[in-house]
Amino acid sequence: MTASSTAVEVARQDAVTHDERQHDAAGPHRTLQRCRTLVRPALAEAVGRLHPWVGEMAAYSFGWCEVGGAPAVAPGGKGVRQALAVLGAEAAGASGRDGVAAAVAVELVHAFSLLHDDIMDGDADRRRRPAVWKAYGTGPAVLAGDALFALAVETLAAQPGGAAAVRTLSVALGDLVHGQADDLLFADRPWTGPQRVRPDEYRAMAEQKTGSLLGCAAALGAVLGGAAPETAAALDRAGRHLGIAFQIVDDVLGIWGDPQVTGKPVHGDLRERKKTLPVLVALGSPHGGRLAALLESGDDPGAAAELIERAGGRAAAMAQARQHVVAVERALAGVPLEARARGELRSLLGFLVRRDV
């Protein structure tokens, strides 16, 4: 047995020790755990089909192993997208197991996007340890990302109704790439003047870069659960609005978040001169000229954060996040959904947007 397959087997065994029937509409943490437990054996099985070296990099990215393949329990993601896929199937009246293939596919695509994002952004760390490209090299990390993407498509294509599921994923991937391209281009645009990034452009980017895969996750679960097209479309809309709200909250945390919670340095986004929504709103205020000078120099991120707050950037960003949460509710209310799954979706979505802001 190879080192990577050993790590995958540890992940599979760890998953089956949990109670797969745990189901509590009032507990977002329990919802996430229940869905991770349901999905992880299938995710581990899929990763186990990869080339051993590529599979090791994938397992490392999920926190299942160290470099070299020794089993590990490292911080992983919350599993938001896989939970949305499972809940999408359940909301359509199907079993959560009917959404597992969708959950595996979106989790693989999310991991693929993070591997490539870290390379494009030059981020050396991911979840408090070296990013895959720092641990294994840039070329190998690109290869691992490509393998995860291909595995996601293969996973969906093998399902009954796989053609429709692959089309849904393809649309989301096209949007994700579009949003990523805009995000990269924003970095080279000026802080002020007619070419500056405007808040509406930023929201469109956030919907595509973050919201497209969240919406796809819920819609894919519904598609594989046999939902009507209008139900899948409503879940996709809900996920896209969630993505915008989620990104805005991330923006707020990136400036004012507690490093003990976020794992990032205070004012980190300002030090990196990121054009996030609170910044863009504040740049459009009477304080914009002074703020642009502070951001350009990068000498005093604390003063920049104070000025953004005084200019209303933080309050306006959170108000917009709340507007998108209302839009999520409208989307969910517009179609018939299984009551218990609807409750879990609402509880989970509210939890994701409230994250320690």
# chains A, B, ... in the order shown; residues from 1 in each chain; ligands from 1
$ select_by_dssp --residues "stretch 198-326 of chain A" --states "alpha helix (DSSP H)" --output "MDAnalysis selection string"
chainID A and resid 199:206 212:224 229:256 259:262 268:271 277:283 288:297 301:310 313:326
$ residues_around --residues "stretch 281-283 of chain A" --least-positions-apart "6" --cutoff "7 Å" --atoms "only C-alpha atoms" --output "list in words"
Pro199, Leu291, Ala292, Ile308, Ala311, Gly312 and Gly313 of chain A
$ atom_distance --atom1 "atom CA of A:Ala58" --atom2 "atom CA of A:His110"
11.7 Å
$ residues_around --residues "stretch 172-180 of chain A" --least-positions-apart "4" --cutoff "12 Å" --atoms "only C-alpha atoms" --output "ChimeraX atom specification"
/A:105-106,109-110,112-114,116-118,120-121,149,152-153,165-168,184-187,201-220,236-237,239-240,243-244
$ write_last_selection --atoms "C-alpha atoms" --output "compact mmCIF listing (two decimals), in the first residue's frame"
# COMPACT_ATOMS: atom_id res chain seq x y z
CA ALA A 105 -17.36 16.75 -7.22
CA VAL A 106 -17.70 20.25 -5.76
CA VAL A 109 -13.30 21.46 -7.68
CA HIS A 110 -12.98 23.67 -4.61
CA PHE A 112 -8.49 22.43 -7.32
CA SER A 113 -9.35 26.13 -7.21
CA LEU A 114 -7.51 26.66 -3.91
CA HIS A 116 -4.30 27.22 -8.23
CA ASP A 117 -5.40 30.34 -6.30
CA ASP A 118 -2.49 29.98 -3.88
CA MET A 120 -1.62 32.85 -8.56
CA ASP A 121 -1.77 34.92 -5.37
CA PHE A 149 -10.65 18.91 -11.72
CA ALA A 152 -14.61 15.90 -10.38
CA VAL A 153 -15.93 15.67 -13.93
CA ALA A 165 -24.87 17.53 -13.71
CA VAL A 166 -21.73 18.05 -15.79
CA ARG A 167 -23.44 20.91 -17.66
CA THR A 168 -24.33 22.55 -14.34
CA LEU A 184 -6.51 39.38 -10.70
CA LEU A 185 -7.10 42.37 -12.99
CA PHE A 186 -8.48 44.46 -10.12
CA ALA A 187 -5.03 44.41 -8.50
CA GLU A 201 -17.96 45.37 -10.27
CA TYR A 202 -16.69 43.85 -7.08
CA ARG A 203 -20.06 42.28 -6.26
CA ALA A 204 -20.23 40.75 -9.75
CA MET A 205 -16.74 39.32 -9.26
CA ALA A 206 -17.68 37.89 -5.84
CA GLU A 207 -20.77 36.20 -7.26
CA GLN A 208 -18.71 34.52 -9.95
CA LYS A 209 -15.58 33.68 -7.98
CA THR A 210 -17.24 32.60 -4.73
CA GLY A 211 -20.98 32.32 -5.34
CA SER A 212 -20.89 30.23 -8.51
CA LEU A 213 -19.52 27.12 -6.79
CA LEU A 214 -21.74 27.52 -3.71
CA GLY A 215 -24.80 27.79 -5.95
CA CYS A 216 -23.58 24.90 -8.08
CA ALA A 217 -23.16 22.71 -4.99
CA ALA A 218 -26.77 23.11 -3.87
CA ALA A 219 -28.12 22.86 -7.42
CA LEU A 220 -26.06 19.73 -8.21
CA ASP A 236 -28.31 28.03 -7.42
CA ARG A 237 -29.57 31.62 -6.93
CA GLY A 239 -25.96 29.91 -3.27
CA ARG A 240 -24.81 32.79 -5.44
CA GLY A 243 -21.35 33.66 -2.01
CA ILE A 244 -21.52 37.44 -2.19
$ residues_around --residues "A:Glu230" --least-positions-apart "5" --cutoff "12 Å" --atoms "only C-alpha atoms" --output "tab-separated table (two decimals) with C-alpha atoms, in the first residue's frame"
chain	number	residue	atom	x	y	z
A	92	ALA	CA	-35.58	18.06	-3.18
A	219	ALA	CA	-28.12	22.86	-7.42
A	222	ALA	CA	-30.91	18.81	-6.22
A	223	VAL	CA	-30.25	17.67	-9.81
A	235	LEU	CA	-30.96	26.76	-5.02
A	236	ASP	CA	-28.31	28.03	-7.42
A	237	ARG	CA	-29.57	31.62	-6.93
A	331	ALA	CA	-34.85	32.30	-3.30
A	332	LEU	CA	-35.52	29.50	-0.82
A	334	GLY	CA	-39.88	30.65	-3.93
A	335	VAL	CA	-39.93	26.87	-4.45
A	336	PRO	CA	-41.27	23.88	-2.53
A	337	LEU	CA	-38.51	22.33	-0.43
$ closest_atom_pairs --of "stretch 237-259 of chain A" --to "stretch 346-354 of chain A" --cutoff "8 Å" --atoms "only C-alpha atoms" --output "CSV"
residue,atom,partner,partner_atom,distance
A:Leu242,CA,A:Leu349,CA,7.1
A:Ala245,CA,A:Val353,CA,6.4
A:Phe246,CA,A:Val353,CA,5.6
A:Val249,CA,A:Val353,CA,6.5
$ residues_around --residues "A:Leu143" --least-positions-apart "2" --cutoff "10 Å" --atoms "only C-alpha atoms" --output "list in words"
Val54, Met57, Phe112, Leu115, His116, Thr138, Gly139, Pro140, Ala141, Gly145, Asp146, Ala147, Leu148 and Phe149 of chain A
$ atom_distance --atom1 "atom CA of A:Leu224" --atom2 "atom CA of A:Ala102"
7.3 Å
$ atom_distance --atom1 "atom CA of A:His287" --atom2 "atom CA of A:Leu307"
7.4 Å
$ closest_residue --among "A:His51, A:Arg40, A:Arg189, A:Arg126" --to "A:Pro75" --atoms "only C-alpha atoms"
A:Arg126
$ closest_residue --among "A:Pro278, A:Val67, A:Asp183, A:Ala305" --to "A:Gly137" --atoms "only C-alpha atoms"
A:Val67
$ closest_residue --among "A:Leu50, A:Val197, A:Val39, A:Val266" --to "A:Arg81" --atoms "only C-alpha atoms"
A:Val39
$ residues_around --residues "A:Leu345" --least-positions-apart "4" --cutoff "8 Å" --atoms "only C-alpha atoms" --output "VMD selection string"
chain A and resid 84 87 341 349
$ write_last_selection --atoms "all heavy atoms" --output "PDB file, in the first residue's frame"
ATOM      1  N   LEU A  84     -23.818  21.799   1.310  1.00  0.00           N
ATOM      2  CA  LEU A  84     -24.861  22.359   0.444  1.00  0.00           C
ATOM      3  C   LEU A  84     -25.341  21.325  -0.568  1.00  0.00           C
ATOM      4  O   LEU A  84     -26.534  21.271  -0.890  1.00  0.00           O
ATOM      5  CB  LEU A  84     -24.338  23.600  -0.280  1.00  0.00           C
ATOM      6  CG  LEU A  84     -24.141  24.849   0.585  1.00  0.00           C
ATOM      7  CD1 LEU A  84     -23.501  25.958  -0.234  1.00  0.00           C
ATOM      8  CD2 LEU A  84     -25.459  25.321   1.185  1.00  0.00           C
ATOM      9  N   LEU A  87     -27.567  18.839   1.354  1.00  0.00           N
ATOM     10  CA  LEU A  87     -28.826  19.485   1.710  1.00  0.00           C
ATOM     11  C   LEU A  87     -29.663  19.804   0.472  1.00  0.00           C
ATOM     12  O   LEU A  87     -30.897  19.796   0.532  1.00  0.00           O
ATOM     13  CB  LEU A  87     -28.557  20.763   2.503  1.00  0.00           C
ATOM     14  CG  LEU A  87     -27.973  20.552   3.903  1.00  0.00           C
ATOM     15  CD1 LEU A  87     -27.626  21.892   4.542  1.00  0.00           C
ATOM     16  CD2 LEU A  87     -28.921  19.771   4.792  1.00  0.00           C
ATOM     17  N   ALA A 341     -34.942  19.952   5.596  1.00  0.00           N
ATOM     18  CA  ALA A 341     -33.743  20.379   4.865  1.00  0.00           C
ATOM     19  C   ALA A 341     -33.743  21.887   4.685  1.00  0.00           C
ATOM     20  O   ALA A 341     -32.683  22.533   4.763  1.00  0.00           O
ATOM     21  CB  ALA A 341     -33.672  19.678   3.511  1.00  0.00           C
ATOM     22  N   LEU A 349     -26.822  28.716   6.450  1.00  0.00           N
ATOM     23  CA  LEU A 349     -26.493  29.923   5.713  1.00  0.00           C
ATOM     24  C   LEU A 349     -26.337  31.105   6.658  1.00  0.00           C
ATOM     25  O   LEU A 349     -25.430  31.929   6.507  1.00  0.00           O
ATOM     26  CB  LEU A 349     -27.566  30.217   4.667  1.00  0.00           C
ATOM     27  CG  LEU A 349     -27.776  29.112   3.615  1.00  0.00           C
ATOM     28  CD1 LEU A 349     -28.811  29.522   2.589  1.00  0.00           C
ATOM     29  CD2 LEU A 349     -26.478  28.739   2.943  1.00  0.00           C
TER      30      LEU A 349
END
$ residues_around --residues "A:Val104" --least-positions-apart "6" --cutoff "9 Å" --atoms "only C-alpha atoms" --output "PyMOL selection string"
chain A and resi 39-40+42-43+46+82+85+152+155-156
$ write_last_selection --atoms "all heavy atoms" --output "compact mmCIF listing (two decimals), in the first residue's frame"
# COMPACT_ATOMS: atom_id res chain seq x y z
N VAL A 39 -20.03 12.23 3.40
CA VAL A 39 -19.32 12.40 2.12
C VAL A 39 -17.91 11.85 2.15
O VAL A 39 -17.41 11.33 1.14
CB VAL A 39 -19.30 13.91 1.74
CG1 VAL A 39 -18.40 14.17 0.54
CG2 VAL A 39 -20.72 14.40 1.47
N ARG A 40 -17.23 11.92 3.29
CA ARG A 40 -15.80 11.65 3.30
C ARG A 40 -15.40 10.28 2.77
O ARG A 40 -14.39 10.17 2.06
CB ARG A 40 -15.21 11.89 4.68
CG ARG A 40 -13.67 11.83 4.64
CD ARG A 40 -13.09 11.91 6.03
NE ARG A 40 -12.40 13.17 6.23
CZ ARG A 40 -11.67 13.44 7.31
NH1 ARG A 40 -11.58 12.56 8.26
NH2 ARG A 40 -11.05 14.58 7.42
N ALA A 42 -16.64 8.55 0.35
CA ALA A 42 -16.66 8.64 -1.12
C ALA A 42 -15.57 9.56 -1.62
O ALA A 42 -14.95 9.31 -2.66
CB ALA A 42 -18.04 9.12 -1.59
N LEU A 43 -15.30 10.66 -0.90
CA LEU A 43 -14.22 11.57 -1.28
C LEU A 43 -12.87 10.87 -1.18
O LEU A 43 -12.02 10.97 -2.08
CB LEU A 43 -14.25 12.81 -0.39
CG LEU A 43 -13.20 13.87 -0.65
CD1 LEU A 43 -13.32 14.45 -2.06
CD2 LEU A 43 -13.32 15.00 0.39
N ALA A 46 -12.46 8.42 -4.03
CA ALA A 46 -12.14 9.09 -5.30
C ALA A 46 -10.67 9.49 -5.34
O ALA A 46 -9.96 9.23 -6.33
CB ALA A 46 -13.04 10.32 -5.48
N GLN A 82 -19.79 20.76 0.29
CA GLN A 82 -20.33 19.41 0.32
C GLN A 82 -21.62 19.36 1.14
O GLN A 82 -22.55 18.62 0.80
CB GLN A 82 -19.31 18.40 0.84
CG GLN A 82 -18.71 18.70 2.18
CD GLN A 82 -17.57 17.76 2.53
OE1 GLN A 82 -17.79 16.64 2.97
NE2 GLN A 82 -16.34 18.21 2.34
N ALA A 85 -24.44 20.50 -1.08
CA ALA A 85 -24.84 19.47 -2.04
C ALA A 85 -25.74 18.43 -1.38
O ALA A 85 -26.77 18.03 -1.94
CB ALA A 85 -23.60 18.80 -2.64
N ALA A 152 -13.27 15.37 -10.66
CA ALA A 152 -14.61 15.90 -10.38
C ALA A 152 -15.56 15.63 -11.54
O ALA A 152 -16.70 15.18 -11.34
CB ALA A 152 -14.53 17.40 -10.09
N THR A 155 -16.38 11.96 -11.74
CA THR A 155 -17.31 11.57 -10.68
C THR A 155 -18.75 11.86 -11.05
O THR A 155 -19.65 11.03 -10.85
CB THR A 155 -16.94 12.29 -9.37
OG1 THR A 155 -15.62 11.90 -8.97
CG2 THR A 155 -17.93 11.96 -8.25
N LEU A 156 -18.99 13.03 -11.60
CA LEU A 156 -20.35 13.40 -11.99
C LEU A 156 -20.82 12.62 -13.22
O LEU A 156 -21.97 12.18 -13.29
CB LEU A 156 -20.44 14.89 -12.29
CG LEU A 156 -20.47 15.84 -11.09
CD1 LEU A 156 -20.62 17.27 -11.58
CD2 LEU A 156 -21.60 15.49 -10.13
$ select_by_dssp --residues "stretch 118-220 of chain A" --states "strand (DSSP E)" --output "count of residues only"
4
$ closest_atom_pairs --of "stretch 267-352 of chain A" --to "stretch 190-194 of chain A" --cutoff "9 Å" --atoms "only C-alpha atoms" --output "CSV"
residue,atom,partner,partner_atom,distance
A:Lys275,CA,A:Trp191,CA,8.3
A:Leu280,CA,A:Trp191,CA,8.3
A:Leu283,CA,A:Thr192,CA,7.2
A:Gly284,CA,A:Thr192,CA,8.3
A:Gly288,CA,A:Thr192,CA,7.7
A:Gly289,CA,A:Thr192,CA,7.6
A:Ala292,CA,A:Trp191,CA,5.9
A:Ala293,CA,A:Trp191,CA,8.9
A:Leu295,CA,A:Trp191,CA,8.4
A:Glu296,CA,A:Trp191,CA,8.2
$ write_last_selection --atoms "N, CA and C atoms" --output "mmCIF file, in the first residue's frame"
data_model
loop_
_atom_site.group_PDB
_atom_site.id
_atom_site.type_symbol
_atom_site.label_atom_id
_atom_site.label_comp_id
_atom_site.auth_asym_id
_atom_site.auth_seq_id
_atom_site.Cartn_x
_atom_site.Cartn_y
_atom_site.Cartn_z
ATOM 1 N N LYS A 275 -8.281 45.094 -2.879
ATOM 2 C CA LYS A 275 -9.418 45.978 -3.160
ATOM 3 C C LYS A 275 -10.705 45.268 -2.732
ATOM 4 N N LEU A 280 -13.425 49.756 -1.096
ATOM 5 C CA LEU A 280 -13.996 50.393 -2.284
ATOM 6 C C LEU A 280 -15.102 51.381 -1.917
ATOM 7 N N LEU A 283 -13.398 54.463 -0.468
ATOM 8 C CA LEU A 283 -12.716 55.255 -1.497
ATOM 9 C C LEU A 283 -13.686 56.178 -2.238
ATOM 10 N N GLY A 284 -14.966 55.817 -2.242
ATOM 11 C CA GLY A 284 -15.966 56.658 -2.888
ATOM 12 C C GLY A 284 -16.506 57.752 -1.989
ATOM 13 N N GLY A 288 -11.824 59.575 0.461
ATOM 14 C CA GLY A 288 -11.179 58.715 -0.518
ATOM 15 C C GLY A 288 -9.759 59.091 -0.866
ATOM 16 N N GLY A 289 -9.491 60.394 -1.017
ATOM 17 C CA GLY A 289 -8.149 60.826 -1.406
ATOM 18 C C GLY A 289 -7.108 60.471 -0.366
ATOM 19 N N ALA A 292 -6.642 56.658 -0.224
ATOM 20 C CA ALA A 292 -5.843 56.153 -1.345
ATOM 21 C C ALA A 292 -4.361 56.355 -1.094
ATOM 22 N N ALA A 293 -3.994 57.512 -0.520
ATOM 23 C CA ALA A 293 -2.583 57.774 -0.234
ATOM 24 C C ALA A 293 -2.052 56.807 0.824
ATOM 25 N N LEU A 295 -3.221 53.777 1.469
ATOM 26 C CA LEU A 295 -3.152 52.442 0.879
ATOM 27 C C LEU A 295 -1.964 52.312 -0.061
ATOM 28 N N GLU A 296 -1.694 53.368 -0.798
ATOM 29 C CA GLU A 296 -0.585 53.328 -1.748
ATOM 30 C C GLU A 296 0.749 53.206 -1.031
#
